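In what follows, a single structure is set out as structure tokens and then discussed.
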Amino acid sequence: MAAAPAAGLFLSFEGIDGAGKSTQARRLADHLRCLGRSVVLTREPGGSPGAEEIRRLLVEGAPGRWSAETELLLFTAARRDHLERTIAPALAEGRVVITDRFADSTRVYQGAVRGDLRALTDRLHAEMIGLEPRLTFILDMEPGPALRRGRARGGTEDRFEEMGQEFQTSLRAGFRALAAGFPDRCRLIDAARPAEAIAAEIAAMAAEVLG
Ligand code: TYD
């Protein structure tokens, strides 16, 4: 997609399942609203009606339900709809968009861990999405406690959590490598601390790019 005129500010949260992204994304949104910013808080897979429908195909059901290639196409289709209907319009209006997961999740989950699909992931991203966040907060912690926290939430959206702790350990390494590979954009956050301290660190980092 021709990148939207980026009048607004685009921020993303990433990390393994249960690392606390959703809580921190919400806290940052609340904080920026208190500062008078117009904020859109959104998530992937999902974030638009069509993408939320695709989400159900991805997060429910047996772990082996899709091949890595099919999964990559479904995540990219969901992201394209999310971009067209939610992210690009909000950025064009000059709003702050905070997304709970974006393309880095695909790079790590599908590109790095499930088969050697990173090159294809990058090509699809360039052709279909073509937008990167200004800042990406990568919440980093041990998979054990994170997985327990994710499971404690219950529900049916456990397809990726069911892939096990070894999978989560590879994901953690994938996210850390990504943070090292994109130092201008990515901030590695120690997520094994009280939520309050994490939120304060993230708010300070966001302040630097708020303008
Ligand atoms: P999410 O709702 O963020 O789960 P959680 O709150 O447990 O972190 O995302 C659902 C799952 O989808 C999650 O296990 C990560 C996976 N996922 C991918 O594999 N690729 C992607 O591109 C995205 C956005 C998510």
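Ordering of the structure tokens sets the chain letters (A, B, ...); residue numbers start at 1 within each chain; ligands are numbered from 1 in the order shown.
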
Inset, instruction - Please identify every polymer residue within 8 Å of ligand 1, using only C-alpha atoms and all ligand atoms, and present the set as a ChimeraX atom specification. - result: /A:15-22,43-45,55,58-59,71-72,75-76,79,100-110,150,157-161

Legend entry - Ala68 (chain A) surroundings by only C-alpha atoms, 10 Å radius, close-in-sequence under 2 positions cut, as a list in words: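 So, after excluding close chain neighbours, the residues are Gly64, Arg65, Trp66, Thr70, Glu71, Leu72, Leu73, Leu74, Tyr109, Gln110, Gly111, Val113, Arg114, Gly115, Asp116 and Leu117 of chain A.
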
Legend entry - Residues of region 54-119 of chain A in strand (DSSP E), written as a PyMOL selection string: chain A and resi 96-100

Inset, instruction - Taking the chain letters and numbering used in this document, name the residues of region 12-181 of chain A that DSSP puts in helix (DSSP H, G or I), as JSON, numbers by chain. - result: {"A": [21, 22, 23, 24, 25, 26, 27, 28, 29, 30, 31, 32, 33, 34, 49, 50, 51, 52, 53, 54, 55, 56, 57, 58, 59, 68, 69, 70, 71, 72, 73, 74, 75, 76, 77, 78, 79, 80, 81, 82, 83, 84, 85, 86, 87, 88, 89, 90, 91, 92, 103, 104, 105, 106, 107, 108, 109, 110, 111, 112, 113, 118, 119, 120, 121, 122, 123, 124, 125, 126, 127, 128, 143, 144, 145, 146, 147, 148, 149, 150, 151, 152, 161, 162, 163, 165, 166, 167, 168, 169, 170, 171, 172, 173, 174, 175, 176, 177, 178, 179, 180, 181]}

Let's have the selection written as an mmCIF file, in the first residue's frame, with C-alpha atoms.
```
data_model
loop_
_atom_site.group_PDB
_atom_site.id
_atom_site.type_symbol
_atom_site.label_atom_id
_atom_site.label_comp_id
_atom_site.auth_asym_id
_atom_site.auth_seq_id
_atom_site.Cartn_x
_atom_site.Cartn_y
_atom_site.Cartn_z
ATOM 1 C CA LYS A 21 1.359 -6.123 25.805
ATOM 2 C CA SER A 22 -2.364 -5.496 25.987
ATOM 3 C CA THR A 23 -2.176 -4.012 29.481
ATOM 4 C CA GLN A 24 0.715 -1.747 28.530
ATOM 5 C CA ALA A 25 -0.875 -0.678 25.240
ATOM 6 C CA ARG A 26 -4.005 0.327 27.164
ATOM 7 C CA ARG A 27 -1.988 2.218 29.768
ATOM 8 C CA LEU A 28 -0.089 4.155 27.126
ATOM 9 C CA ALA A 29 -3.345 5.000 25.330
ATOM 10 C CA ASP A 30 -4.850 6.285 28.613
ATOM 11 C CA HIS A 31 -1.712 8.277 29.363
ATOM 12 C CA LEU A 32 -1.626 9.953 25.944
ATOM 13 C CA ARG A 33 -5.342 10.749 26.115
ATOM 14 C CA CYS A 34 -4.701 12.452 29.454
ATOM 15 C CA PRO A 49 -14.508 -5.874 11.210
ATOM 16 C CA GLY A 50 -13.094 -7.979 8.366
ATOM 17 C CA ALA A 51 -9.789 -8.596 10.090
ATOM 18 C CA GLU A 52 -11.597 -9.647 13.279
ATOM 19 C CA GLU A 53 -13.366 -12.315 11.221
ATOM 20 C CA ILE A 54 -10.022 -13.541 9.881
ATOM 21 C CA ARG A 55 -8.714 -13.501 13.484
ATOM 22 C CA ARG A 56 -11.093 -16.266 14.479
ATOM 23 C CA LEU A 57 -9.667 -18.505 11.759
ATOM 24 C CA LEU A 58 -6.172 -17.893 13.092
ATOM 25 C CA VAL A 59 -6.379 -18.064 16.877
ATOM 26 C CA ALA A 68 2.947 -21.723 7.730
ATOM 27 C CA GLU A 69 2.409 -20.338 4.204
ATOM 28 C CA THR A 70 -1.373 -20.207 4.519
ATOM 29 C CA GLU A 71 -1.055 -18.632 7.925
ATOM 30 C CA LEU A 72 1.268 -15.962 6.537
ATOM 31 C CA LEU A 73 -1.284 -15.082 3.838
ATOM 32 C CA LEU A 74 -4.150 -14.924 6.345
ATOM 33 C CA PHE A 75 -2.218 -12.651 8.718
ATOM 34 C CA THR A 76 -1.222 -10.432 5.786
ATOM 35 C CA ALA A 77 -4.819 -10.270 4.520
ATOM 36 C CA ALA A 78 -6.029 -9.303 7.991
ATOM 37 C CA ARG A 79 -3.290 -6.655 8.280
ATOM 38 C CA ARG A 80 -4.103 -5.159 4.891
ATOM 39 C CA ASP A 81 -7.751 -4.698 5.904
ATOM 40 C CA HIS A 82 -6.703 -3.281 9.285
ATOM 41 C CA LEU A 83 -4.382 -0.843 7.499
ATOM 42 C CA GLU A 84 -6.956 0.267 4.920
ATOM 43 C CA ARG A 85 -9.897 0.671 7.272
ATOM 44 C CA THR A 86 -8.417 1.650 10.630
ATOM 45 C CA ILE A 87 -4.728 2.590 10.696
ATOM 46 C CA ALA A 88 -4.256 4.693 7.532
ATOM 47 C CA PRO A 89 -7.408 6.826 8.003
ATOM 48 C CA ALA A 90 -6.509 7.555 11.643
ATOM 49 C CA LEU A 91 -2.924 8.507 10.777
ATOM 50 C CA ALA A 92 -4.157 10.745 7.965
ATOM 51 C CA ALA A 103 4.236 -6.891 11.287
ATOM 52 C CA ASP A 104 6.994 -7.881 13.735
ATOM 53 C CA SER A 105 4.712 -10.642 15.033
ATOM 54 C CA THR A 106 4.559 -12.086 11.523
ATOM 55 C CA ARG A 107 8.336 -11.736 11.092
ATOM 56 C CA VAL A 108 8.909 -13.665 14.297
ATOM 57 C CA TYR A 109 6.011 -16.150 14.480
ATOM 58 C CA GLN A 110 5.720 -17.043 10.795
ATOM 59 C CA GLY A 111 8.994 -15.745 9.336
ATOM 60 C CA ALA A 112 11.511 -16.982 11.844
ATOM 61 C CA VAL A 113 9.956 -19.815 13.791
ATOM 62 C CA ARG A 118 11.368 -14.618 6.432
ATOM 63 C CA ALA A 119 12.216 -13.548 2.868
ATOM 64 C CA LEU A 120 8.656 -14.168 1.698
ATOM 65 C CA THR A 121 7.340 -12.351 4.780
ATOM 66 C CA ASP A 122 9.453 -9.308 3.913
ATOM 67 C CA ARG A 123 8.351 -9.350 0.271
ATOM 68 C CA LEU A 124 4.682 -9.575 1.172
ATOM 69 C CA HIS A 125 5.101 -6.794 3.713
ATOM 70 C CA ALA A 126 6.770 -4.541 1.150
ATOM 71 C CA GLU A 127 4.065 -5.199 -1.470
ATOM 72 C CA MET A 128 0.952 -5.185 0.690
ATOM 73 C CA PRO A 143 8.158 -17.691 28.574
ATOM 74 C CA GLY A 144 7.182 -19.804 31.653
ATOM 75 C CA PRO A 145 5.444 -17.105 33.709
ATOM 76 C CA ALA A 146 4.159 -15.404 30.546
ATOM 77 C CA LEU A 147 2.538 -18.622 29.334
ATOM 78 C CA ARG A 148 0.941 -19.234 32.743
ATOM 79 C CA ARG A 149 -0.483 -15.730 32.660
ATOM 80 C CA GLY A 150 -1.843 -16.280 29.146
ATOM 81 C CA ARG A 151 -3.436 -19.607 30.095
ATOM 82 C CA ALA A 152 -4.980 -18.126 33.245
ATOM 83 C CA GLU A 161 -0.197 -20.897 23.301
ATOM 84 C CA GLU A 162 -0.871 -24.599 22.695
ATOM 85 C CA MET A 163 2.331 -24.807 20.625
ATOM 86 C CA GLN A 165 7.040 -23.503 25.901
ATOM 87 C CA GLU A 166 9.830 -24.429 23.491
ATOM 88 C CA PHE A 167 7.990 -22.540 20.757
ATOM 89 C CA GLN A 168 7.655 -19.531 23.087
ATOM 90 C CA THR A 169 11.395 -19.708 23.853
ATOM 91 C CA SER A 170 12.198 -19.500 20.125
ATOM 92 C CA LEU A 171 9.786 -16.596 19.826
ATOM 93 C CA ARG A 172 11.520 -14.746 22.617
ATOM 94 C CA ALA A 173 14.861 -15.183 20.861
ATOM 95 C CA GLY A 174 13.249 -14.031 17.614
ATOM 96 C CA PHE A 175 11.942 -10.833 19.180
ATOM 97 C CA ARG A 176 15.292 -10.108 20.822
ATOM 98 C CA ALA A 177 17.053 -10.563 17.482
ATOM 99 C CA LEU A 178 14.555 -8.223 15.855
ATOM 100 C CA ALA A 179 15.184 -5.574 18.506
ATOM 101 C CA ALA A 180 18.903 -5.832 17.794
ATOM 102 C CA GLY A 181 18.279 -5.658 14.032
#
```
